[in-house]
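J.: Input file: work-v2.cif. Contents: mmCIF, C-alpha atoms and all ligand atoms.
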```cif
data_structure
#
loop_
_atom_site.label_atom_id
_atom_site.label_comp_id
_atom_site.auth_asym_id
_atom_site.auth_seq_id
_atom_site.Cartn_x
_atom_site.Cartn_y
_atom_site.Cartn_z
CA MET A 192 13.19 23.94 21.61
CA ARG A 193 12.59 27.35 23.20
CA ILE A 194 15.65 28.37 25.13
CA THR A 195 15.15 32.04 25.99
CA GLY A 196 14.49 32.25 29.69
CA THR A 197 15.45 28.63 30.33
CA SER A 198 17.73 28.25 33.32
CA ARG A 199 20.65 25.83 33.47
CA GLU A 200 18.73 23.78 36.05
CA GLU A 201 15.68 23.46 33.78
CA LEU A 202 17.92 22.47 30.88
CA GLU A 203 19.61 19.76 32.97
CA THR A 204 16.29 18.44 34.25
CA TYR A 205 14.98 18.17 30.69
CA ARG A 206 18.22 16.56 29.47
CA ASP A 207 18.30 13.95 32.24
CA ALA A 208 14.63 13.02 31.79
CA ARG A 209 15.19 12.65 28.07
CA LEU A 210 18.27 10.48 28.71
CA ARG A 211 16.38 8.20 31.10
CA SER A 212 13.56 7.61 28.61
CA LEU A 213 16.11 6.98 25.83
CA LEU A 214 17.86 4.35 27.95
CA VAL A 215 14.62 2.56 28.91
CA HIS A 216 13.59 2.58 25.24
CA ALA A 217 16.97 1.31 24.01
CA TYR A 218 17.06 -1.43 26.65
CA GLU A 219 13.55 -2.62 25.88
CA ARG A 220 13.57 -2.30 22.10
CA VAL A 221 17.09 -2.28 20.66
CA PRO A 222 18.80 -5.70 20.83
CA TYR A 223 22.34 -4.27 20.62
CA TYR A 224 21.86 -2.09 23.71
CA ARG A 225 19.92 -4.80 25.55
CA LYS A 226 22.88 -7.16 25.19
CA LEU A 227 25.41 -4.44 26.00
CA PHE A 228 23.62 -3.50 29.22
CA ASP A 229 23.07 -7.13 30.25
CA ARG A 230 26.71 -7.97 29.61
CA HIS A 231 27.71 -5.20 32.01
CA ARG A 232 24.98 -6.06 34.55
CA LEU A 233 23.52 -2.64 33.99
CA HIS A 234 19.89 -1.57 34.01
CA PRO A 235 18.46 1.78 32.89
CA ARG A 236 17.23 2.38 36.46
CA HIS A 237 20.88 2.66 37.54
CA ILE A 238 21.25 5.86 35.52
CA ARG A 239 19.78 8.97 37.13
CA GLY A 240 21.10 11.36 34.52
CA ALA A 241 24.25 12.60 32.81
CA VAL A 242 26.09 12.26 36.12
CA ASP A 243 25.91 8.43 35.84
CA LEU A 244 26.79 8.16 32.15
CA GLU A 245 30.22 6.71 32.81
CA LEU A 246 28.55 3.47 33.92
CA ILE A 247 27.54 2.84 30.30
CA PRO A 248 30.18 1.27 28.06
CA ILE A 249 31.29 3.26 25.02
CA THR A 250 30.11 2.19 21.55
CA THR A 251 32.15 2.72 18.39
CA LYS A 252 31.11 2.89 14.77
CA GLN A 253 32.88 -0.45 14.26
CA ASP A 254 30.62 -2.01 16.91
CA LEU A 255 27.49 -0.98 15.00
CA ARG A 256 28.62 -1.18 11.40
CA GLY A 257 28.90 -4.91 11.12
CA LEU A 258 25.49 -5.61 12.67
CA PRO A 259 22.24 -6.29 10.80
CA ALA A 260 19.64 -3.49 10.92
CA HIS A 261 17.31 -5.31 13.35
CA GLU A 262 20.08 -5.39 15.98
CA ILE A 263 20.65 -1.64 16.02
CA LEU A 264 17.16 -0.32 15.17
CA ALA A 265 14.28 -0.19 17.63
CA SER A 266 11.88 -3.10 17.17
CA GLY A 267 8.63 -2.17 15.49
CA MET A 268 10.30 0.36 13.20
CA ASN A 269 9.24 0.14 9.58
CA LEU A 270 12.58 0.22 7.80
CA ALA A 271 10.94 1.24 4.55
CA ARG A 272 9.58 4.45 6.10
CA LEU A 273 12.73 5.66 7.85
CA LEU A 274 14.91 8.38 6.40
CA SER A 275 18.44 7.23 5.78
CA VAL A 276 21.79 8.95 5.45
CA ARG A 277 24.61 6.94 4.01
CA THR A 278 27.99 8.17 5.08
CA SER A 279 31.23 7.35 3.38
CA GLY A 280 33.11 7.89 6.61
CA SER A 281 36.55 9.38 6.58
CA THR A 282 38.00 5.89 6.72
CA GLY A 283 36.16 4.95 3.54
CA GLU A 284 33.88 2.49 5.34
CA PRO A 285 30.23 3.17 4.58
CA PHE A 286 27.64 3.30 7.34
CA THR A 287 23.91 4.01 7.14
CA ILE A 288 22.18 6.16 9.74
CA ARG A 289 18.41 6.00 9.99
CA ARG A 290 15.89 8.24 11.71
CA THR A 291 12.17 8.87 11.67
CA TRP A 292 10.72 11.85 9.87
CA LEU A 293 9.93 13.49 13.20
CA GLU A 294 13.43 12.93 14.55
CA ASP A 295 14.85 14.45 11.39
CA LYS A 296 12.65 17.54 11.82
CA ARG A 297 13.69 17.94 15.46
CA GLN A 298 17.32 17.95 14.35
CA TYR A 299 16.43 20.44 11.63
CA LEU A 300 14.77 22.76 14.14
CA LEU A 301 17.79 22.59 16.44
CA ARG A 302 20.00 23.62 13.52
CA LEU A 303 17.58 26.40 12.67
CA ARG A 304 17.75 27.62 16.26
CA ALA A 305 21.55 27.68 16.04
CA LEU A 306 21.46 29.61 12.76
CA ARG A 307 18.99 32.07 14.27
CA SER A 308 21.30 32.68 17.19
CA LEU A 309 24.15 33.29 14.73
CA GLY A 310 22.08 35.99 13.04
CA MET A 311 19.73 34.35 10.54
CA ARG A 312 16.39 36.13 10.28
CA ILE A 313 13.00 35.00 9.07
CA GLY A 314 12.71 35.59 5.34
CA ASP A 315 16.46 35.49 4.70
CA CYS A 316 17.50 33.89 1.44
CA LYS A 317 19.83 31.01 2.36
CA VAL A 318 22.08 28.98 0.10
CA SER A 319 23.87 25.87 1.26
CA VAL A 320 26.87 24.74 -0.73
CA GLY A 321 27.51 21.05 -0.26
CA VAL A 322 27.10 17.58 -1.63
CA VAL A 323 23.63 17.52 -3.18
CA ARG A 324 21.96 14.17 -2.63
CA PRO A 325 18.70 13.14 -4.25
CA ASP A 326 15.72 13.77 -1.94
CA ASP A 327 14.79 10.87 0.31
CA PRO A 328 11.36 9.64 -0.87
CA ASN A 329 10.36 9.31 2.82
CA ASP A 330 11.00 12.98 3.44
CA ARG A 331 7.77 14.82 2.80
CA LYS A 332 9.43 18.17 3.51
CA LEU A 333 6.22 19.45 5.10
CA ILE A 334 7.86 22.11 7.21
CA GLY A 335 9.90 23.51 4.32
CA ARG A 336 6.91 23.48 1.99
CA THR A 337 4.64 25.16 4.53
CA LEU A 338 7.19 27.87 5.29
CA ARG A 339 7.79 28.36 1.58
CA ALA A 340 4.05 28.81 1.00
CA PHE A 341 4.12 31.70 3.49
CA GLY A 342 7.14 33.15 1.74
CA ILE A 343 9.42 32.70 4.73
CA ASN A 344 11.55 29.87 3.44
CA ARG A 345 13.84 30.87 0.63
CA SER A 346 16.54 28.25 0.77
CA PHE A 347 18.54 26.74 -2.05
CA ARG A 348 21.09 23.96 -2.32
CA LEU A 349 24.09 24.22 -4.62
CA ASP A 350 26.37 21.39 -5.62
CA GLY A 351 29.76 22.40 -4.21
CA LEU A 352 31.59 19.90 -6.39
CA GLN A 353 30.87 21.99 -9.47
CA GLU A 354 33.55 24.32 -10.78
CA PRO A 355 33.95 27.36 -8.50
CA GLU A 356 32.96 29.78 -11.28
CA VAL A 357 29.65 27.93 -11.72
CA VAL A 358 28.89 28.14 -7.98
CA ALA A 359 29.96 31.80 -7.91
CA ALA A 360 27.71 32.67 -10.87
CA ARG A 361 24.69 31.16 -9.13
CA LEU A 362 25.53 32.98 -5.88
CA ARG A 363 25.73 36.28 -7.77
CA GLU A 364 22.28 35.57 -9.16
CA LEU A 365 20.67 34.56 -5.85
CA ARG A 366 22.41 37.20 -3.67
CA PRO A 367 21.78 35.20 -0.47
CA ALA A 368 21.86 36.78 2.97
CA ILE A 369 23.11 33.49 4.41
CA ILE A 370 25.61 31.05 2.94
CA THR A 371 26.30 27.74 4.64
CA GLY A 372 28.59 24.95 3.53
CA MET A 373 31.70 22.91 3.97
CA PRO A 374 34.87 24.98 4.33
CA GLY A 375 36.86 23.17 1.61
CA MET A 376 34.23 23.86 -1.02
CA LEU A 377 33.68 27.46 0.09
CA CYS A 378 37.45 28.07 -0.02
CA ARG A 379 37.56 27.24 -3.70
CA VAL A 380 34.67 29.60 -4.40
CA ALA A 381 36.22 32.29 -2.17
CA ASP A 382 39.53 32.09 -4.07
CA TYR A 383 37.69 32.43 -7.35
CA LEU A 384 35.71 35.45 -6.09
CA ALA A 385 38.84 37.10 -4.73
CA SER A 386 40.62 36.75 -8.06
CA SER A 387 37.73 37.55 -10.42
CA ALA A 388 36.67 41.04 -11.39
CA GLY A 389 32.91 40.40 -11.33
CA GLN A 390 30.28 41.49 -8.84
CA PRO A 391 31.23 40.57 -5.25
CA VAL A 392 29.16 38.09 -3.24
CA ARG A 393 28.52 39.59 0.21
CA PRO A 394 26.26 37.52 2.47
CA ARG A 395 25.37 38.94 5.88
CA LEU A 396 26.31 35.64 7.51
CA LEU A 397 28.53 32.75 6.44
CA VAL A 398 28.41 29.52 8.42
CA VAL A 399 30.62 26.48 7.86
CA GLY A 400 30.52 22.97 9.29
CA GLY A 401 31.04 19.32 8.47
CA GLU A 402 34.82 19.30 8.42
CA THR A 403 37.75 20.94 10.16
CA LEU A 404 38.19 24.65 9.54
CA THR A 405 41.87 25.57 9.62
CA PRO A 406 43.04 29.16 10.24
CA VAL A 407 44.25 29.35 6.63
CA MET A 408 40.87 28.22 5.28
CA GLN A 409 39.13 30.69 7.56
CA ARG A 410 41.22 33.56 6.23
CA ARG A 411 40.65 32.61 2.57
CA ILE A 412 36.86 32.40 3.00
CA GLN A 413 36.83 35.69 4.85
CA GLN A 414 38.78 37.37 2.06
CA GLY A 415 36.59 36.01 -0.72
CA PHE A 416 33.21 36.74 0.85
CA GLY A 417 34.09 39.76 2.97
CA VAL A 418 32.42 38.49 6.14
CA PRO A 419 33.71 36.68 9.24
CA VAL A 420 33.29 32.89 9.15
CA ARG A 421 31.05 31.34 11.81
CA GLN A 422 31.04 27.63 12.67
CA ILE A 423 28.52 24.95 13.48
CA TYR A 424 29.69 21.58 14.81
CA GLY A 425 27.90 18.36 13.94
CA SER A 426 28.18 15.01 12.19
CA HIS A 427 25.89 12.60 10.37
CA GLU A 428 25.05 10.84 13.65
CA PHE A 429 24.66 14.13 15.52
CA PRO A 430 23.41 16.81 13.13
CA LEU A 431 23.98 19.48 15.77
CA LEU A 432 26.48 19.24 18.61
CA GLY A 433 27.43 22.87 18.93
CA TRP A 434 27.53 26.33 17.40
CA GLU A 435 29.72 29.33 17.84
CA CYS A 436 28.81 31.89 20.48
CA GLY A 437 29.11 35.44 19.17
CA VAL A 438 30.03 36.73 22.61
CA SER A 439 32.50 34.28 24.18
CA GLY A 440 34.06 32.87 20.99
CA GLN A 441 33.51 29.36 22.39
CA PHE A 442 30.94 26.89 21.05
CA HIS A 443 27.62 26.38 22.79
CA THR A 444 27.01 22.67 23.30
CA CYS A 445 23.53 21.63 22.19
CA ASP A 446 22.77 20.31 25.69
CA ASP A 447 19.06 19.74 25.04
CA GLY A 448 19.75 17.68 21.89
CA ALA A 449 22.86 15.73 22.85
CA ILE A 450 25.12 14.99 25.76
CA LEU A 451 28.71 15.63 24.82
CA GLU A 452 31.58 14.23 26.87
CA VAL A 453 35.26 15.01 26.31
CA LEU A 454 37.39 12.10 27.48
CA ARG A 455 41.01 11.11 27.66
CA ASP A 456 41.80 7.52 28.59
CA GLY A 457 38.15 7.13 29.46
CA GLN A 458 38.16 9.97 31.99
CA PRO A 459 36.56 13.42 31.54
CA VAL A 460 39.13 16.13 30.89
CA ARG A 461 39.06 19.47 32.69
CA PRO A 462 38.03 22.73 30.97
CA GLY A 463 40.90 23.87 28.73
CA GLU A 464 42.14 20.31 28.12
CA GLN A 465 41.89 18.28 24.93
CA GLY A 466 40.14 14.98 24.60
CA GLU A 467 38.04 12.77 22.41
CA VAL A 468 34.32 13.36 21.87
CA VAL A 469 31.87 10.70 23.10
CA ALA A 470 28.25 11.73 22.59
CA THR A 471 24.67 10.62 23.23
CA ASN A 472 21.92 11.75 20.87
CA LEU A 473 18.76 12.66 22.80
CA ASN A 474 16.70 12.81 19.60
CA ALA A 475 17.63 9.43 18.13
CA PHE A 476 15.22 6.70 19.27
CA ALA A 477 14.85 4.77 16.00
CA MET A 478 18.59 4.15 15.87
CA PRO A 479 20.09 5.20 19.19
CA PHE A 480 23.61 6.54 19.63
CA ILE A 481 24.44 6.20 23.30
CA ARG A 482 27.94 7.08 24.47
CA TYR A 483 29.08 6.86 20.87
CA ARG A 484 32.72 7.57 20.06
CA LEU A 485 32.83 10.16 17.30
CA GLY A 486 36.58 10.32 16.86
CA ASP A 487 36.82 14.12 17.00
CA ILE A 488 39.35 15.86 19.20
CA VAL A 489 38.09 18.98 20.96
CA THR A 490 39.14 21.24 23.81
CA ARG A 491 36.64 21.24 26.61
CA GLY A 492 35.24 24.71 27.32
CA ASP A 493 33.73 26.39 30.35
CA GLU A 494 30.95 24.71 32.29
CA ARG A 495 28.66 27.64 31.48
CA CYS A 496 29.03 30.11 28.63
CA GLY A 497 30.08 33.62 29.62
CA CYS A 498 27.26 35.12 27.51
CA GLY A 499 24.61 34.11 30.05
CA GLN A 500 22.91 31.43 27.95
CA PRO A 501 22.35 28.13 29.78
CA PHE A 502 24.63 26.02 27.57
CA SER A 503 27.92 24.39 28.45
CA THR A 504 30.72 25.01 25.97
CA ILE A 505 33.34 23.49 23.70
CA GLY A 506 36.50 25.61 23.69
CA ASP A 507 37.85 24.62 20.30
CA ILE A 508 37.47 21.88 17.71
CA GLN A 509 40.72 20.33 16.54
CA GLY A 510 39.40 17.68 14.19
CA ARG A 511 39.27 14.00 13.59
CA ALA A 512 41.23 11.63 15.76
CA ILE A 513 41.18 9.20 12.85
CA ASP A 514 43.76 11.24 11.03
CA SER A 515 46.39 10.88 13.72
CA PHE A 516 49.77 9.85 12.33
CA THR A 517 51.37 6.72 13.69
CA LEU A 518 55.16 6.95 13.33
CA PRO A 519 57.62 4.04 12.84
CA ASP A 520 58.65 4.16 16.53
CA GLY A 521 54.99 3.70 17.55
CA ARG A 522 54.39 7.29 18.63
CA VAL A 523 51.02 8.70 17.56
CA ILE A 524 51.01 12.39 16.79
CA HIS A 525 48.10 14.63 15.98
CA PRO A 526 48.76 16.45 12.69
CA TYR A 527 48.03 19.73 14.46
CA GLN A 528 51.25 19.26 16.40
CA ILE A 529 53.08 19.55 13.10
CA LEU A 530 50.83 22.23 11.68
CA THR A 531 50.96 24.60 14.64
CA SER A 532 54.74 24.57 14.53
CA LEU A 533 54.84 25.47 10.86
CA ILE A 534 51.76 27.61 10.35
CA ALA A 535 52.81 30.14 12.98
CA GLY A 536 54.85 32.35 10.64
CA ALA A 537 53.94 30.66 7.40
CA ASP A 538 50.42 31.72 6.67
CA THR A 539 51.56 34.65 4.56
CA TRP A 540 53.00 32.38 1.88
CA ILE A 541 50.62 29.40 2.04
CA ARG A 542 47.33 29.64 0.17
CA GLN A 543 46.28 26.09 0.99
CA TYR A 544 47.94 23.07 2.50
CA GLN A 545 47.35 19.42 3.17
CA LEU A 546 49.46 17.26 5.39
CA LEU A 547 49.66 13.76 4.04
CA GLN A 548 51.19 10.70 5.65
CA GLU A 549 52.02 8.57 2.61
CA ARG A 550 53.87 5.86 4.48
CA ARG A 551 54.59 5.36 8.12
CA ASP A 552 58.02 6.89 7.52
CA ARG A 553 57.14 9.55 4.97
CA ILE A 554 55.05 12.68 5.51
CA VAL A 555 54.45 15.26 2.82
CA LEU A 556 53.18 18.79 3.23
CA ARG A 557 51.37 19.73 0.02
CA VAL A 558 51.28 23.46 -0.42
CA ILE A 559 49.65 25.81 -2.88
CA PRO A 560 51.91 28.84 -2.42
CA VAL A 561 50.71 32.43 -2.71
CA ASP A 562 53.47 33.09 -5.23
CA GLY A 563 56.62 31.43 -6.56
CA ARG A 564 59.29 32.87 -4.24
CA VAL A 565 59.15 30.33 -1.47
CA SER A 566 62.38 28.32 -1.40
CA ASP A 567 63.52 29.92 1.90
CA GLN A 568 60.17 29.13 3.46
CA VAL A 569 60.27 25.51 2.27
CA SER A 570 63.64 24.80 3.81
CA ARG A 571 62.65 26.61 7.02
CA VAL A 572 59.54 24.46 7.36
CA GLU A 573 61.44 21.25 6.64
CA ARG A 574 64.02 22.18 9.27
CA SER A 575 61.39 22.98 11.92
CA VAL A 576 59.28 19.87 11.43
CA LEU A 577 61.97 17.17 11.17
CA PRO A 578 63.01 17.23 14.87
CA LEU A 579 59.37 16.71 15.85
CA LEU A 580 59.14 13.52 13.79
CA GLY A 581 62.40 12.03 14.95
CA PRO A 582 64.97 9.98 13.04
CA GLY A 583 63.89 7.66 10.27
CA VAL A 584 60.94 9.79 9.12
CA GLU A 585 61.19 11.65 5.84
CA PHE A 586 59.44 15.02 5.57
CA LYS A 587 59.04 16.93 2.32
CA VAL A 588 57.23 20.06 1.18
CA GLN A 589 55.57 19.63 -2.21
CA LEU A 590 54.48 22.72 -4.15
CA LEU A 591 51.32 22.24 -6.19
CA ASP A 592 48.80 24.45 -7.95
CA HIS A 593 45.76 22.34 -7.01
CA ILE A 594 44.85 20.01 -4.11
CA PRO A 595 41.82 17.88 -4.96
CA LEU A 596 38.83 17.40 -2.63
CA ASP A 597 37.98 13.92 -1.38
CA PRO A 598 35.39 12.07 -3.47
CA THR A 599 32.91 12.95 -0.68
CA GLY A 600 33.42 16.63 -1.40
CA LYS A 601 35.40 17.18 1.78
CA PHE A 602 38.76 18.78 1.99
CA ARG A 603 40.86 17.19 4.67
CA PRO A 604 43.77 19.31 5.85
CA ALA A 605 45.42 16.19 7.26
CA ARG A 606 45.21 12.70 5.86
CA SER A 607 46.94 9.48 6.64
CA LEU A 608 47.06 6.69 4.10
CA VAL A 609 48.55 4.38 6.72
CA HIS A 610 46.25 2.03 8.56
CA PRO A 611 46.93 2.37 12.31
CA ASP A 612 47.54 -1.37 12.68
CA SER A 613 49.54 -1.99 9.55
CA SER A 614 53.25 -1.80 9.06
CA GLY A 615 53.07 0.98 6.52
CA ARG A 616 50.85 -0.43 3.82
CA PRO A 617 48.42 2.18 2.46
CA ALA A 618 44.87 1.53 3.71
CA ALA A 619 43.04 2.79 0.65
CA PRO A 620 43.83 3.68 -2.93
CA PHE A 621 45.33 7.12 -3.16
CA HIS A 622 42.93 9.68 -4.58
CA GLY A 623 45.42 12.53 -4.86
ZN ZN B 1 27.61 32.02 24.73
#
```
Translate the structure described by the file into structure tokens.
T.:
Amino acid sequence: MRITGTSREELETYRDARLRSLLVHAYERVPYYRKLFDRHRLHPRHIRGAVDLELIPITTKQDLRGLPAHEILASGMNLARLLSVRTSGSTGEPFTIRRTWLEDKRQYLLRLRALRSLGMRIGDCKVSVGVVRPDDPNDRKLIGRTLRAFGINRSFRLDGLQEPEVVAARLRELRPAIITGMPGMLCRVADYLASSAGQPVRPRLLVVGGETLTPVMQRRIQQGFGVPVRQIYGSHEFPLLGWECGVSGQFHTCDDGAILEVLRDGQPVRPGEQGEVVATNLNAFAMPFIRYRLGDIVTRGDERCGCGQPFSTIGDIQGRAIDSFTLPDGRVIHPYQILTSLIAGADTWIRQYQLLQERRDRIVLRVIPVDGRVSDQVSRVERSVLPLLGPGVEFKVQLLDHIPLDPTGKFRPARSLVHPDSSGRPAAPFHG
């Protein structure tokens, strides 16, 4: 875990050794990977390190989801003793991720290291605002309890689905130095704080993760809490993939915990180019994720961070590929293509937005405006977006005073209700 003084070469040596032992383990003990390797006439000895990863076929969530636990878990694992995280998935298809207690703690320590590098100090009071799940009975929380006994763990969890004034009241009471959480939830609290006359909440550090942070969300959180917003990048399968570097503005990739590839059409993109994230978790042996397609779109960053630390970088995180919009003529556009064209001059009048593809031929921009005088802005936006979508696609701006969160507590700035393969039939009931 210690990274100070570690050279890039040492980091790569560690990473490649860890990858080789993961592959041997998965081949010998996880039936899914055994079959996958055999089918492609591949053996772990063919892989020297990250440089040979492309020999391994990519696995998707769909590949794993339909399989019984004994196919995707390492043999000899006691299912009853593993920790489990059940994800709803942005497509609404549930999926359970399992790890051992030790694996979970390794992931926790990597996150702690990231928070430390963002400015968290020992003894800081930390509040995370998120979806509060009941404790896993297999999680003995030894580390947390031990640290708490020494008075150096003061961390609290708040349910971010509560009304913003309830969350704000608790934050005023706790006065945390660190606040972490999902941007959508923190936005609601930030808006409340900005508009209420009570005591301000001023953490030293505010870190978001778990969903896409748009520039508008970033500005609202900054206004409400009075501190710059810092980001951590992870998912349920990969609790830590990256964290923001305070010096370069890029994200450090967690190279000693995961191998992150950025691919387009199966080929690695060059630094500065966008692609899809495919990742390998070096701390998941109970349920391995090897060359696993996450569905996020990111911009690949520099090979080495400019700050001198040994990590490679992610330039920028655009969001989920799953929310791409498929148009009637078959073109697939990333919602950010629409958003960048309209957000450029528009962020002074938009408090919050959500881009929603209701049907293949109808896209709606839901907007909570800053105030009521927006009719010029609405027609300007409609005029600028229509040419991008082409003929036959309707585009409307809808003014609202509230945009609900997903049932999972996430706020998704772009959503499509159209299944990619369907002819325009909504994929799921509409929660709006
Ligand atoms: Zn850096």
J.: Could you tell me how far CA of Tyr383 in chain A sits from CA of Gly563 in chain A, in Å to one decimal place?
T.: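 CA of Tyr383 in chain A lies 19.0 Å from CA of Gly563 in chain A.
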J.: If you count only C-alpha atoms and all ligand atoms, which residues end up within 12 Å of ligand ZN 1 (chain B), as a PyMOL selection string?
T.: chain A and resi 305+308-309+433-445+492-506
J.: Considering all atoms listed in the file, return as a VMD selection string whatever protein or nucleic-acid residues lie within 7 Å of range 413-429 of chain A, sequence-local ones (same chain, fewer than 4 positions apart) excluded.
T.: chain A and resid 288 381 to 382 384 to 385 392 to 393 396 to 401 409 433 to 435 472
J.: Those same residues - C-alpha atoms - I'd like them written as a PDB file, keeping the file's coordinate frame.
T.:
```pdb
ATOM      1  CA  ILE A 288      22.180   6.160   9.740  1.00  0.00           C
ATOM      2  CA  ALA A 381      36.220  32.290  -2.170  1.00  0.00           C
ATOM      3  CA  ASP A 382      39.530  32.090  -4.070  1.00  0.00           C
ATOM      4  CA  LEU A 384      35.710  35.450  -6.090  1.00  0.00           C
ATOM      5  CA  ALA A 385      38.840  37.100  -4.730  1.00  0.00           C
ATOM      6  CA  VAL A 392      29.160  38.090  -3.240  1.00  0.00           C
ATOM      7  CA  ARG A 393      28.520  39.590   0.210  1.00  0.00           C
ATOM      8  CA  LEU A 396      26.310  35.640   7.510  1.00  0.00           C
ATOM      9  CA  LEU A 397      28.530  32.750   6.440  1.00  0.00           C
ATOM     10  CA  VAL A 398      28.410  29.520   8.420  1.00  0.00           C
ATOM     11  CA  VAL A 399      30.620  26.480   7.860  1.00  0.00           C
ATOM     12  CA  GLY A 400      30.520  22.970   9.290  1.00  0.00           C
ATOM     13  CA  GLY A 401      31.040  19.320   8.470  1.00  0.00           C
ATOM     14  CA  GLN A 409      39.130  30.690   7.560  1.00  0.00           C
ATOM     15  CA  GLY A 433      27.430  22.870  18.930  1.00  0.00           C
ATOM     16  CA  TRP A 434      27.530  26.330  17.400  1.00  0.00           C
ATOM     17  CA  GLU A 435      29.720  29.330  17.840  1.00  0.00           C
ATOM     18  CA  ASN A 472      21.920  11.750  20.870  1.00  0.00           C
TER      19      ASN A 472
END
```
J.: Could you please determine the separation between CA of Gln458 in chain A and CA of Thr250 in chain A in Å, to one decimal place?
T.: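 Atom-to-atom, CA of Gln458 in chain A and CA of Thr250 in chain A are spaced 15.3 Å apart.
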J.: Restricting the calculation to all atoms listed in the file, which member of A:Asp243, A:Leu451, A:Ile369, A:Arg379 is positioned closest to Glu354 in chain A?
T.: A:Arg379
J.: Mind checking which residues fall within 12 Å of Glu364 in chain A, counting all atoms listed in the file, ignoring those fewer than 2 positions away in the same chain, and posting them as an mmCIF file with C-alpha atoms, keeping the file's coordinate frame?
T.:
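out-v9.cif, freshly written:
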```
data_model
loop_
_atom_site.group_PDB
_atom_site.id
_atom_site.type_symbol
_atom_site.label_atom_id
_atom_site.label_comp_id
_atom_site.auth_asym_id
_atom_site.auth_seq_id
_atom_site.Cartn_x
_atom_site.Cartn_y
_atom_site.Cartn_z
ATOM 1 C CA CYS A 316 17.500 33.890 1.440
ATOM 2 C CA VAL A 318 22.080 28.980 0.100
ATOM 3 C CA PHE A 347 18.540 26.740 -2.050
ATOM 4 C CA VAL A 357 29.650 27.930 -11.720
ATOM 5 C CA VAL A 358 28.890 28.140 -7.980
ATOM 6 C CA ALA A 359 29.960 31.800 -7.910
ATOM 7 C CA ALA A 360 27.710 32.670 -10.870
ATOM 8 C CA ARG A 361 24.690 31.160 -9.130
ATOM 9 C CA LEU A 362 25.530 32.980 -5.880
ATOM 10 C CA ARG A 366 22.410 37.200 -3.670
ATOM 11 C CA PRO A 367 21.780 35.200 -0.470
ATOM 12 C CA GLY A 389 32.910 40.400 -11.330
ATOM 13 C CA GLN A 390 30.280 41.490 -8.840
ATOM 14 C CA PRO A 391 31.230 40.570 -5.250
ATOM 15 C CA VAL A 392 29.160 38.090 -3.240
ATOM 16 C CA ARG A 393 28.520 39.590 0.210
#
```
J.: Just to confirm, what's the straight-line distance from CA of Gly310 in chain A to CA of Ser346 in chain A in Å (one decimal)?
T.: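 Atom-to-atom, CA of Gly310 in chain A to CA of Ser346 in chain A, that is 15.5 Å.
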J.: List the neighbours of Phe602 in chain A out to 10 Å using only C-alpha atoms; skip same-chain residues closer than 3 positions along the sequence, and give me the result as a list in words.
T.: Met373, Pro374, Gly375, Met376, Cys378, Glu402, Thr403, Leu404, Gln545, Ile594, Pro595, Leu596, Asp597, Pro598, Thr599, Ala605 and Arg606 of chain A
J.: Which neighbours of range 255-257 of chain A fall inside 10 Å, counting only C-alpha atoms, when residues of the same chain fewer than 5 positions from it are skipped, and could you give them as a PyMOL selection string?
T.: chain A and resi 223+250+262-263+284-288+480+483
J.: Padding of 8 Å on every side, edges along x, y and z, all listed atoms of range 404-410 of chain A included: what centre and edge lengths in Å, to one decimal, does that box have, as JSON?
T.:
```
{"center_x": 41.2, "center_y": 29.1, "center_z": 7.8, "size_x": 22.1, "size_y": 24.9, "size_z": 21.0}
```
J.: Could you check which of A:Pro406, A:Gly196, A:Gly267, A:Pro430 is closest to Glu219 in chain A, using only C-alpha atoms?
T.: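 Under the stated criterion, the closest residue is A:Gly267.
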J.: So which residues touch Pro479 in chain A within 8 Å, counting only C-alpha atoms, skipping near sequence neighbours fewer than 2 positions away, as an MDAnalysis selection string?
T.: chainID A and resid 213 217 263:264 472 475:477 481
